[in-house]
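Undergrad: I'm passing along entry_19.cif; it holds mmCIF, N, CA and C atoms.
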```
data_target
#
loop_
_atom_site.label_atom_id
_atom_site.label_comp_id
_atom_site.auth_asym_id
_atom_site.auth_seq_id
_atom_site.Cartn_x
_atom_site.Cartn_y
_atom_site.Cartn_z
N LYS A 1 15.08 -8.91 -18.71
CA LYS A 1 16.05 -9.37 -17.72
C LYS A 1 16.71 -8.17 -17.01
N LYS A 2 17.00 -7.12 -17.77
CA LYS A 2 17.63 -5.93 -17.21
C LYS A 2 16.73 -5.26 -16.18
N LYS A 3 15.40 -5.20 -16.47
CA LYS A 3 14.44 -4.59 -15.54
C LYS A 3 14.42 -5.35 -14.22
N LYS A 4 14.43 -6.69 -14.30
CA LYS A 4 14.41 -7.52 -13.10
C LYS A 4 15.64 -7.26 -12.24
N LYS A 5 16.79 -7.10 -12.89
CA LYS A 5 18.04 -6.84 -12.18
C LYS A 5 17.98 -5.51 -11.45
N LYS A 6 17.46 -4.47 -12.14
CA LYS A 6 17.34 -3.15 -11.52
C LYS A 6 16.36 -3.18 -10.35
N LYS A 7 15.25 -3.92 -10.51
CA LYS A 7 14.26 -4.04 -9.45
C LYS A 7 14.89 -4.69 -8.22
N LYS A 8 15.65 -5.76 -8.43
CA LYS A 8 16.33 -6.45 -7.32
C LYS A 8 17.32 -5.50 -6.64
N GLN A 9 18.04 -4.72 -7.44
CA GLN A 9 19.02 -3.78 -6.89
C GLN A 9 18.31 -2.73 -6.02
N ARG A 10 17.16 -2.21 -6.49
CA ARG A 10 16.42 -1.22 -5.70
C ARG A 10 15.92 -1.84 -4.39
N GLU A 11 15.54 -3.12 -4.43
CA GLU A 11 15.12 -3.81 -3.20
C GLU A 11 16.30 -3.96 -2.25
N GLU A 12 17.45 -4.38 -2.78
CA GLU A 12 18.65 -4.55 -1.94
C GLU A 12 19.07 -3.23 -1.30
N GLU A 13 18.89 -2.13 -2.02
CA GLU A 13 19.23 -0.80 -1.52
C GLU A 13 18.12 -0.23 -0.62
N LYS A 14 17.05 -1.02 -0.43
CA LYS A 14 15.90 -0.63 0.39
C LYS A 14 15.24 0.67 -0.11
N LYS A 15 15.18 0.80 -1.45
CA LYS A 15 14.54 1.95 -2.09
C LYS A 15 13.15 1.61 -2.59
N GLU A 16 12.86 0.31 -2.71
CA GLU A 16 11.60 -0.13 -3.30
C GLU A 16 11.39 -1.60 -2.93
N PHE A 17 10.13 -1.96 -2.69
CA PHE A 17 9.79 -3.34 -2.38
C PHE A 17 8.54 -3.75 -3.14
N TYR A 18 8.55 -4.96 -3.65
CA TYR A 18 7.35 -5.56 -4.24
C TYR A 18 6.91 -6.69 -3.33
N PHE A 19 5.61 -6.78 -3.08
CA PHE A 19 5.07 -7.86 -2.26
C PHE A 19 4.00 -8.60 -3.04
N VAL A 20 4.11 -9.91 -3.06
CA VAL A 20 3.07 -10.74 -3.65
C VAL A 20 2.03 -10.97 -2.57
N ILE A 21 0.77 -10.74 -2.91
CA ILE A 21 -0.33 -10.98 -1.99
C ILE A 21 -0.78 -12.42 -2.23
N GLU A 22 -0.74 -13.24 -1.18
CA GLU A 22 -1.10 -14.64 -1.38
C GLU A 22 -1.81 -15.21 -0.17
N LEU A 23 -2.52 -16.30 -0.41
CA LEU A 23 -3.18 -17.03 0.66
C LEU A 23 -2.14 -17.87 1.41
N LYS A 24 -2.53 -18.43 2.54
CA LYS A 24 -1.60 -19.26 3.31
C LYS A 24 -1.12 -20.47 2.51
N ASP A 25 -1.96 -20.93 1.56
CA ASP A 25 -1.54 -22.07 0.72
C ASP A 25 -0.69 -21.61 -0.46
N GLU A 26 -0.28 -20.35 -0.43
CA GLU A 26 0.60 -19.72 -1.41
C GLU A 26 -0.06 -19.44 -2.75
N LYS A 27 -1.40 -19.52 -2.83
CA LYS A 27 -2.10 -19.12 -4.05
C LYS A 27 -1.96 -17.60 -4.19
N LYS A 28 -1.43 -17.16 -5.32
CA LYS A 28 -1.17 -15.74 -5.53
C LYS A 28 -2.45 -14.99 -5.88
N LEU A 29 -2.68 -13.88 -5.15
CA LEU A 29 -3.90 -13.09 -5.33
C LEU A 29 -3.65 -11.70 -5.89
N GLY A 30 -2.41 -11.23 -5.81
CA GLY A 30 -2.14 -9.88 -6.29
C GLY A 30 -0.73 -9.42 -5.98
N LEU A 31 -0.55 -8.10 -6.05
CA LEU A 31 0.76 -7.50 -5.89
C LEU A 31 0.59 -6.08 -5.33
N VAL A 32 1.55 -5.65 -4.54
CA VAL A 32 1.59 -4.26 -4.08
C VAL A 32 3.06 -3.82 -4.04
N ARG A 33 3.30 -2.55 -4.33
CA ARG A 33 4.66 -2.03 -4.37
C ARG A 33 4.80 -0.87 -3.40
N MET A 34 5.94 -0.79 -2.73
CA MET A 34 6.29 0.35 -1.87
C MET A 34 7.52 1.01 -2.48
N TYR A 35 7.50 2.35 -2.59
CA TYR A 35 8.57 3.06 -3.28
C TYR A 35 8.54 4.54 -2.91
N ASP A 36 9.35 5.35 -3.56
CA ASP A 36 9.40 6.80 -3.36
C ASP A 36 9.49 7.15 -1.87
N PHE A 37 10.49 6.57 -1.20
CA PHE A 37 10.68 6.82 0.21
C PHE A 37 11.25 8.23 0.40
N GLN A 38 10.56 9.05 1.20
CA GLN A 38 10.98 10.42 1.48
C GLN A 38 11.01 10.61 2.99
N ASP A 39 12.04 11.22 3.50
CA ASP A 39 12.17 11.50 4.93
C ASP A 39 11.34 10.56 5.80
N ASP A 40 10.10 10.97 6.14
CA ASP A 40 9.29 10.17 7.06
C ASP A 40 8.08 9.55 6.38
N SER A 41 8.09 9.48 5.02
CA SER A 41 6.91 9.02 4.29
C SER A 41 7.28 8.00 3.21
N PHE A 42 6.41 7.03 3.04
CA PHE A 42 6.57 6.07 1.94
C PHE A 42 5.36 6.15 1.02
N CYS A 43 5.62 5.86 -0.24
CA CYS A 43 4.54 5.79 -1.22
C CYS A 43 4.27 4.33 -1.53
N TRP A 44 3.06 4.04 -1.89
CA TRP A 44 2.75 2.68 -2.30
C TRP A 44 1.76 2.73 -3.45
N GLY A 45 1.77 1.69 -4.26
CA GLY A 45 0.89 1.65 -5.41
C GLY A 45 1.04 0.33 -6.13
N SER A 46 0.70 0.36 -7.42
CA SER A 46 0.71 -0.88 -8.21
C SER A 46 -0.05 -1.97 -7.47
N TRP A 47 -1.12 -1.57 -6.82
CA TRP A 47 -1.91 -2.47 -5.97
C TRP A 47 -2.89 -3.20 -6.86
N LEU A 48 -2.58 -4.43 -7.13
CA LEU A 48 -3.39 -5.25 -8.03
C LEU A 48 -3.91 -6.46 -7.27
N ILE A 49 -5.22 -6.68 -7.37
CA ILE A 49 -5.84 -7.83 -6.70
C ILE A 49 -6.73 -8.53 -7.71
N LYS A 50 -6.59 -9.84 -7.81
CA LYS A 50 -7.41 -10.62 -8.73
C LYS A 50 -8.89 -10.48 -8.39
N GLU A 51 -9.71 -10.48 -9.42
CA GLU A 51 -11.16 -10.32 -9.23
C GLU A 51 -11.76 -11.43 -8.37
N ASP A 52 -11.23 -12.64 -8.46
CA ASP A 52 -11.79 -13.76 -7.71
C ASP A 52 -11.17 -13.94 -6.32
N ALA A 53 -10.39 -12.94 -5.88
CA ALA A 53 -9.76 -13.02 -4.55
C ALA A 53 -10.84 -12.89 -3.47
N PRO A 54 -10.60 -13.47 -2.29
CA PRO A 54 -11.56 -13.30 -1.19
C PRO A 54 -11.81 -11.82 -0.91
N LYS A 55 -13.00 -11.50 -0.42
CA LYS A 55 -13.40 -10.10 -0.18
C LYS A 55 -12.47 -9.38 0.80
N THR A 56 -11.84 -10.12 1.70
CA THR A 56 -10.99 -9.49 2.72
C THR A 56 -9.57 -9.20 2.22
N THR A 57 -9.25 -9.57 1.00
CA THR A 57 -7.88 -9.41 0.49
C THR A 57 -7.42 -7.96 0.52
N ALA A 58 -8.27 -7.02 0.14
CA ALA A 58 -7.87 -5.61 0.12
C ALA A 58 -7.53 -5.13 1.54
N ILE A 59 -8.38 -5.45 2.49
CA ILE A 59 -8.13 -5.03 3.88
C ILE A 59 -6.85 -5.68 4.40
N GLU A 60 -6.73 -6.99 4.21
CA GLU A 60 -5.56 -7.70 4.73
C GLU A 60 -4.26 -7.19 4.11
N SER A 61 -4.26 -6.96 2.80
CA SER A 61 -3.03 -6.50 2.15
C SER A 61 -2.72 -5.06 2.54
N ALA A 62 -3.74 -4.21 2.71
CA ALA A 62 -3.51 -2.83 3.16
C ALA A 62 -2.92 -2.82 4.57
N LEU A 63 -3.44 -3.67 5.44
CA LEU A 63 -2.90 -3.75 6.81
C LEU A 63 -1.44 -4.21 6.78
N GLN A 64 -1.14 -5.24 6.02
CA GLN A 64 0.22 -5.76 5.97
C GLN A 64 1.19 -4.74 5.39
N LYS A 65 0.75 -4.03 4.36
CA LYS A 65 1.60 -2.99 3.75
C LYS A 65 1.89 -1.89 4.77
N ASN A 66 0.87 -1.50 5.54
CA ASN A 66 1.08 -0.46 6.56
C ASN A 66 1.93 -0.96 7.72
N GLU A 67 1.75 -2.21 8.12
CA GLU A 67 2.61 -2.78 9.17
C GLU A 67 4.07 -2.68 8.75
N HIS A 68 4.33 -3.05 7.51
CA HIS A 68 5.71 -3.03 7.01
C HIS A 68 6.24 -1.59 6.96
N GLY A 69 5.46 -0.69 6.39
CA GLY A 69 5.93 0.70 6.23
C GLY A 69 6.11 1.44 7.54
N PHE A 70 5.13 1.28 8.44
CA PHE A 70 5.19 2.04 9.70
C PHE A 70 6.07 1.40 10.75
N TYR A 71 6.05 0.08 10.88
CA TYR A 71 6.76 -0.57 11.98
C TYR A 71 8.09 -1.19 11.58
N ARG A 72 8.16 -1.82 10.44
CA ARG A 72 9.44 -2.44 10.05
C ARG A 72 10.39 -1.41 9.44
N LEU A 73 9.83 -0.48 8.63
CA LEU A 73 10.67 0.53 7.99
C LEU A 73 10.73 1.84 8.78
N GLY A 74 9.79 2.04 9.71
CA GLY A 74 9.86 3.19 10.61
C GLY A 74 9.31 4.50 10.07
N PHE A 75 8.49 4.49 9.03
CA PHE A 75 7.92 5.73 8.51
C PHE A 75 6.79 6.21 9.40
N GLU A 76 6.51 7.52 9.35
CA GLU A 76 5.44 8.14 10.14
C GLU A 76 4.19 8.41 9.31
N GLN A 77 4.30 8.32 7.98
CA GLN A 77 3.15 8.55 7.12
C GLN A 77 3.38 7.91 5.75
N SER A 78 2.30 7.83 4.98
CA SER A 78 2.43 7.38 3.60
C SER A 78 1.73 8.38 2.69
N HIS A 79 2.17 8.40 1.45
CA HIS A 79 1.57 9.25 0.43
C HIS A 79 1.34 8.38 -0.80
N PHE A 80 0.21 8.63 -1.46
CA PHE A 80 -0.13 7.83 -2.63
C PHE A 80 -1.22 8.54 -3.40
N ASP A 81 -1.51 8.03 -4.58
CA ASP A 81 -2.56 8.65 -5.39
C ASP A 81 -3.61 7.63 -5.78
N GLY A 82 -4.76 8.12 -6.13
CA GLY A 82 -5.86 7.29 -6.61
C GLY A 82 -6.49 7.95 -7.81
N ARG A 83 -6.74 7.17 -8.82
CA ARG A 83 -7.30 7.69 -10.07
C ARG A 83 -8.74 8.14 -9.87
N LYS A 84 -9.04 9.35 -10.30
CA LYS A 84 -10.42 9.86 -10.24
C LYS A 84 -11.32 8.93 -11.06
N GLY A 85 -12.53 8.71 -10.59
CA GLY A 85 -13.45 7.82 -11.27
C GLY A 85 -13.38 6.39 -10.76
N ASN A 86 -12.31 6.06 -10.04
CA ASN A 86 -12.17 4.74 -9.44
C ASN A 86 -12.79 4.82 -8.04
N ASP A 87 -14.10 5.01 -8.02
CA ASP A 87 -14.83 5.37 -6.80
C ASP A 87 -14.68 4.36 -5.67
N LYS A 88 -14.66 3.07 -6.00
CA LYS A 88 -14.54 2.05 -4.95
C LYS A 88 -13.19 2.16 -4.23
N VAL A 89 -12.14 2.40 -5.00
CA VAL A 89 -10.80 2.51 -4.41
C VAL A 89 -10.69 3.79 -3.59
N ILE A 90 -11.20 4.90 -4.12
CA ILE A 90 -11.16 6.18 -3.39
C ILE A 90 -11.92 6.04 -2.07
N ALA A 91 -13.11 5.44 -2.12
CA ALA A 91 -13.91 5.24 -0.90
C ALA A 91 -13.19 4.34 0.09
N PHE A 92 -12.52 3.30 -0.40
CA PHE A 92 -11.76 2.40 0.47
C PHE A 92 -10.70 3.20 1.22
N HIS A 93 -9.92 3.99 0.51
CA HIS A 93 -8.85 4.78 1.14
C HIS A 93 -9.43 5.73 2.20
N GLN A 94 -10.55 6.37 1.88
CA GLN A 94 -11.14 7.30 2.83
C GLN A 94 -11.70 6.57 4.06
N ARG A 95 -12.32 5.42 3.86
CA ARG A 95 -12.80 4.63 5.01
C ARG A 95 -11.64 4.19 5.89
N PHE A 96 -10.51 3.96 5.27
CA PHE A 96 -9.32 3.52 6.00
C PHE A 96 -8.66 4.68 6.75
N GLY A 97 -9.07 5.93 6.46
CA GLY A 97 -8.56 7.08 7.19
C GLY A 97 -7.64 7.99 6.40
N ALA A 98 -7.38 7.66 5.14
CA ALA A 98 -6.52 8.51 4.31
C ALA A 98 -7.25 9.80 3.96
N LYS A 99 -6.49 10.87 3.84
CA LYS A 99 -7.06 12.18 3.54
C LYS A 99 -6.57 12.67 2.18
N ILE A 100 -7.49 13.21 1.40
CA ILE A 100 -7.10 13.82 0.12
C ILE A 100 -6.45 15.16 0.43
N VAL A 101 -5.22 15.35 -0.03
CA VAL A 101 -4.48 16.58 0.25
C VAL A 101 -4.25 17.43 -1.01
N ASP A 102 -4.52 16.83 -2.19
CA ASP A 102 -4.35 17.57 -3.43
C ASP A 102 -5.01 16.77 -4.55
N GLU A 103 -5.08 17.37 -5.72
CA GLU A 103 -5.63 16.66 -6.88
C GLU A 103 -5.14 17.34 -8.15
N ASP A 104 -5.16 16.59 -9.24
CA ASP A 104 -4.94 17.17 -10.56
C ASP A 104 -6.05 16.65 -11.47
N LYS A 105 -5.91 16.77 -12.76
CA LYS A 105 -6.97 16.35 -13.67
C LYS A 105 -7.29 14.86 -13.54
N LEU A 106 -6.27 14.05 -13.31
CA LEU A 106 -6.43 12.59 -13.31
C LEU A 106 -6.58 11.95 -11.94
N ASP A 107 -5.88 12.49 -10.94
CA ASP A 107 -5.73 11.79 -9.67
C ASP A 107 -6.06 12.63 -8.45
N TYR A 108 -6.40 11.91 -7.37
CA TYR A 108 -6.43 12.48 -6.03
C TYR A 108 -5.13 12.05 -5.36
N PHE A 109 -4.57 12.93 -4.55
CA PHE A 109 -3.34 12.63 -3.82
C PHE A 109 -3.67 12.53 -2.34
N PHE A 110 -3.28 11.43 -1.75
CA PHE A 110 -3.63 11.11 -0.36
C PHE A 110 -2.42 11.19 0.55
N ASN A 111 -2.73 11.43 1.82
CA ASN A 111 -1.76 11.32 2.91
C ASN A 111 -2.41 10.46 3.98
N PHE A 112 -1.61 9.60 4.59
CA PHE A 112 -2.11 8.70 5.61
C PHE A 112 -1.08 8.63 6.73
N GLU A 113 -1.46 9.12 7.90
CA GLU A 113 -0.55 9.20 9.04
C GLU A 113 -0.52 7.89 9.83
N LYS A 114 0.62 7.61 10.42
CA LYS A 114 0.75 6.43 11.28
C LYS A 114 -0.29 6.46 12.40
N SER A 115 -0.55 7.64 12.95
CA SER A 115 -1.55 7.76 14.03
C SER A 115 -2.95 7.39 13.54
N ASP A 116 -3.26 7.73 12.28
CA ASP A 116 -4.55 7.32 11.69
C ASP A 116 -4.59 5.80 11.53
N TYR A 117 -3.45 5.24 11.13
CA TYR A 117 -3.38 3.79 10.96
C TYR A 117 -3.62 3.09 12.29
N GLU A 118 -3.04 3.61 13.36
CA GLU A 118 -3.19 2.95 14.66
C GLU A 118 -4.65 2.94 15.12
N ILE A 119 -5.42 3.93 14.72
CA ILE A 119 -6.86 3.96 15.03
C ILE A 119 -7.59 2.90 14.21
N ILE A 120 -7.34 2.89 12.90
CA ILE A 120 -8.06 1.97 12.01
C ILE A 120 -7.61 0.53 12.25
N LYS A 121 -6.36 0.35 12.66
CA LYS A 121 -5.84 -0.99 12.93
C LYS A 121 -6.66 -1.68 14.02
N GLU A 122 -7.09 -0.93 15.02
CA GLU A 122 -7.94 -1.49 16.08
C GLU A 122 -9.23 -2.05 15.51
N LYS A 123 -9.82 -1.31 14.58
CA LYS A 123 -11.08 -1.72 13.96
C LYS A 123 -10.93 -3.01 13.15
N TYR A 124 -9.78 -3.16 12.48
CA TYR A 124 -9.58 -4.29 11.58
C TYR A 124 -8.57 -5.33 12.09
N LYS A 125 -8.22 -5.28 13.37
CA LYS A 125 -7.15 -6.15 13.88
C LYS A 125 -7.41 -7.64 13.66
N ARG A 126 -8.68 -8.03 13.54
CA ARG A 126 -8.95 -9.47 13.31
C ARG A 126 -8.41 -9.95 11.96
N TYR A 127 -8.10 -9.01 11.05
CA TYR A 127 -7.57 -9.38 9.74
C TYR A 127 -6.06 -9.47 9.71
N LEU A 128 -5.41 -9.09 10.78
CA LEU A 128 -3.94 -9.15 10.82
C LEU A 128 -3.42 -10.55 11.06
#
```
Show this structure as structure tokens.
TA:
Amino acid sequence: KKKKKKKKQREEEKKEFYFVIELKDEKKLGLVRMYDFQDDSFCWGSWLIKEDAPKTTAIESALQKNEHGFYRLGFEQSHFDGRKGNDKVIAFHQRFGAKIVDEDKLDYFFNFEKSDYEIIKEKYKRYL
């Protein structure tokens, strides 16, 4: 109960947001979190999608997360990490235009600019 209260407080303070990924009929498909807001950049993660979700769920949820971060919250870029060995996720981020800017033993660290998003958004606009 205490964790839920702190999570709500961080949302009210606009320091962190959790979004449930769902179909129009409100069937829940996953979750994504936005946090670690720095100057002009937001971080996102905890991106979980059910295995039986429609194939377009990853694209649609990534677009919605970026719409919120870049246009509603006004950030110019995002930063996030991807676990090494999770090749499908790493490839997805790179196809979407994110760039690896650093790495450690476990993770790749990505940067994704709003200008890159505006290019990729054109390609995937039918999913918005």
Undergrad: Tell me which protein, DNA and RNA residues are within 12 Å of Gly85 in chain A, counting only C-alpha atoms, leaving out same-chain ones fewer than 4 positions away, and put them as a list in words.
TA: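 Contacts, with the query itself left out: Val89, Ile90, Ala91, Lys105, Leu106, Asp107 and Tyr108 of chain A.
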Undergrad: Determine the residue membership of the PyMOL selection byres (((chain A and resi 38 and name CA) around 12) and name CA) for the file above and supply it as a PyMOL selection string.
TA: chain A and resi 15-16+34-37+39-44+69+73-79
Undergrad: So which bits of chain A end up strand (DSSP E) when you DSSP the backbone, as a PyMOL selection string?
TA: chain A and resi 17-22+28-38+41-49+77-83+99-103+107-113
Undergrad: Near range 92-98 of chain A, within 10 Å and counting only C-alpha atoms, which residues show up once chain neighbours fewer than 2 positions away are dropped, as a PyMOL selection string?
TA: chain A and resi 58-59+62-63+78-82+87-90+100-101+109-113+115-117+119-121+123-124
Undergrad: Enumerate, as number ranges by chain, the residues matched when the PyMOL selection byres ((chain A and resi 28-30) around 7) is run on the file above.
TA: A: 19-23, 25-27, 31-32, 47-50, 53
Undergrad: Generate a file for range 69-80 of chain A, containing all heavy atoms, as an mmCIF file, in the first residue's frame.
TA:
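This is the output file decode-v6.cif:
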```
data_model
loop_
_atom_site.group_PDB
_atom_site.id
_atom_site.type_symbol
_atom_site.label_atom_id
_atom_site.label_comp_id
_atom_site.auth_asym_id
_atom_site.auth_seq_id
_atom_site.Cartn_x
_atom_site.Cartn_y
_atom_site.Cartn_z
ATOM 1 N N GLY A 69 5.696 12.125 -24.269
ATOM 2 C CA GLY A 69 6.959 12.719 -23.813
ATOM 3 C C GLY A 69 7.375 13.952 -24.584
ATOM 4 O O GLY A 69 7.777 14.963 -24.004
ATOM 5 N N PHE A 70 7.244 13.885 -25.911
ATOM 6 C CA PHE A 70 7.713 15.006 -26.737
ATOM 7 C C PHE A 70 6.707 16.144 -26.839
ATOM 8 O O PHE A 70 7.098 17.313 -26.829
ATOM 9 C CB PHE A 70 8.087 14.509 -28.137
ATOM 10 C CG PHE A 70 9.291 13.605 -28.151
ATOM 11 C CD1 PHE A 70 9.275 12.422 -28.871
ATOM 12 C CD2 PHE A 70 10.450 13.916 -27.449
ATOM 13 C CE1 PHE A 70 10.380 11.578 -28.898
ATOM 14 C CE2 PHE A 70 11.565 13.080 -27.458
ATOM 15 C CZ PHE A 70 11.522 11.906 -28.188
ATOM 16 N N TYR A 71 5.427 15.838 -26.954
ATOM 17 C CA TYR A 71 4.442 16.893 -27.217
ATOM 18 C C TYR A 71 3.653 17.325 -25.984
ATOM 19 O O TYR A 71 3.430 18.510 -25.792
ATOM 20 C CB TYR A 71 3.510 16.476 -28.351
ATOM 21 C CG TYR A 71 4.281 16.184 -29.619
ATOM 22 C CD1 TYR A 71 4.325 14.914 -30.152
ATOM 23 C CD2 TYR A 71 5.024 17.180 -30.249
ATOM 24 C CE1 TYR A 71 5.066 14.637 -31.300
ATOM 25 C CE2 TYR A 71 5.770 16.918 -31.388
ATOM 26 C CZ TYR A 71 5.786 15.643 -31.904
ATOM 27 O OH TYR A 71 6.534 15.372 -33.022
ATOM 28 N N ARG A 72 3.255 16.401 -25.148
ATOM 29 C CA ARG A 72 2.486 16.804 -23.959
ATOM 30 C C ARG A 72 3.396 17.304 -22.845
ATOM 31 O O ARG A 72 3.076 18.254 -22.163
ATOM 32 C CB ARG A 72 1.609 15.657 -23.481
ATOM 33 C CG ARG A 72 0.471 15.394 -24.449
ATOM 34 C CD ARG A 72 -0.515 14.346 -23.956
ATOM 35 N NE ARG A 72 -1.289 13.846 -25.084
ATOM 36 C CZ ARG A 72 -0.985 12.750 -25.773
ATOM 37 N NH1 ARG A 72 0.054 12.019 -25.436
ATOM 38 N NH2 ARG A 72 -1.719 12.374 -26.789
ATOM 39 N N LEU A 73 4.567 16.631 -22.676
ATOM 40 C CA LEU A 73 5.491 17.040 -21.616
ATOM 41 C C LEU A 73 6.575 17.995 -22.112
ATOM 42 O O LEU A 73 7.250 18.631 -21.315
ATOM 43 C CB LEU A 73 6.130 15.812 -20.961
ATOM 44 C CG LEU A 73 5.151 14.855 -20.273
ATOM 45 C CD1 LEU A 73 5.901 13.639 -19.711
ATOM 46 C CD2 LEU A 73 4.364 15.552 -19.179
ATOM 47 N N GLY A 74 6.775 18.073 -23.427
ATOM 48 C CA GLY A 74 7.685 19.060 -23.995
ATOM 49 C C GLY A 74 9.163 18.703 -24.009
ATOM 50 O O GLY A 74 10.007 19.594 -24.158
ATOM 51 N N PHE A 75 9.519 17.428 -23.870
ATOM 52 C CA PHE A 75 10.925 17.049 -23.911
ATOM 53 C C PHE A 75 11.447 17.046 -25.344
ATOM 54 O O PHE A 75 10.689 16.889 -26.293
ATOM 55 C CB PHE A 75 11.120 15.661 -23.284
ATOM 56 C CG PHE A 75 10.932 15.651 -21.798
ATOM 57 C CD1 PHE A 75 9.788 15.110 -21.231
ATOM 58 C CD2 PHE A 75 11.888 16.190 -20.955
ATOM 59 C CE1 PHE A 75 9.599 15.106 -19.858
ATOM 60 C CE2 PHE A 75 11.723 16.188 -19.575
ATOM 61 C CZ PHE A 75 10.574 15.638 -19.031
ATOM 62 N N GLU A 76 12.764 17.198 -25.490
ATOM 63 C CA GLU A 76 13.426 17.210 -26.805
ATOM 64 C C GLU A 76 14.097 15.879 -27.132
ATOM 65 O O GLU A 76 14.494 15.653 -28.269
ATOM 66 C CB GLU A 76 14.455 18.342 -26.870
ATOM 67 C CG GLU A 76 13.834 19.731 -26.859
ATOM 68 C CD GLU A 76 12.928 19.984 -28.060
ATOM 69 O OE1 GLU A 76 13.320 19.632 -29.190
ATOM 70 O OE2 GLU A 76 11.831 20.531 -27.863
ATOM 71 N N GLN A 77 14.255 15.010 -26.126
ATOM 72 C CA GLN A 77 14.880 13.713 -26.358
ATOM 73 C C GLN A 77 14.490 12.743 -25.248
ATOM 74 O O GLN A 77 13.954 13.147 -24.223
ATOM 75 C CB GLN A 77 16.393 13.844 -26.446
ATOM 76 C CG GLN A 77 17.053 14.389 -25.199
ATOM 77 C CD GLN A 77 18.539 14.595 -25.404
ATOM 78 O OE1 GLN A 77 19.184 13.858 -26.148
ATOM 79 N NE2 GLN A 77 19.106 15.581 -24.741
ATOM 80 N N SER A 78 14.787 11.471 -25.488
ATOM 81 C CA SER A 78 14.595 10.471 -24.447
ATOM 82 C C SER A 78 15.881 9.658 -24.306
ATOM 83 O O SER A 78 16.690 9.583 -25.235
ATOM 84 C CB SER A 78 13.409 9.552 -24.752
ATOM 85 O OG SER A 78 13.664 8.742 -25.872
ATOM 86 N N HIS A 79 16.054 9.099 -23.134
ATOM 87 C CA HIS A 79 17.197 8.234 -22.843
ATOM 88 C C HIS A 79 16.656 6.981 -22.169
ATOM 89 O O HIS A 79 15.695 7.035 -21.409
ATOM 90 C CB HIS A 79 18.224 8.950 -21.959
ATOM 91 C CG HIS A 79 17.681 9.414 -20.643
ATOM 92 N ND1 HIS A 79 16.908 10.557 -20.512
ATOM 93 C CD2 HIS A 79 17.776 8.891 -19.396
ATOM 94 C CE1 HIS A 79 16.564 10.721 -19.248
ATOM 95 N NE2 HIS A 79 17.078 9.726 -18.549
ATOM 96 N N PHE A 80 17.247 5.846 -22.517
ATOM 97 C CA PHE A 80 16.781 4.583 -21.956
ATOM 98 C C PHE A 80 17.838 3.525 -22.206
ATOM 99 O O PHE A 80 18.812 3.760 -22.916
ATOM 100 C CB PHE A 80 15.430 4.176 -22.559
ATOM 101 C CG PHE A 80 15.412 4.122 -24.061
ATOM 102 C CD1 PHE A 80 15.645 2.935 -24.726
ATOM 103 C CD2 PHE A 80 15.163 5.275 -24.809
ATOM 104 C CE1 PHE A 80 15.625 2.890 -26.118
ATOM 105 C CE2 PHE A 80 15.140 5.234 -26.196
ATOM 106 C CZ PHE A 80 15.377 4.038 -26.846
#
```
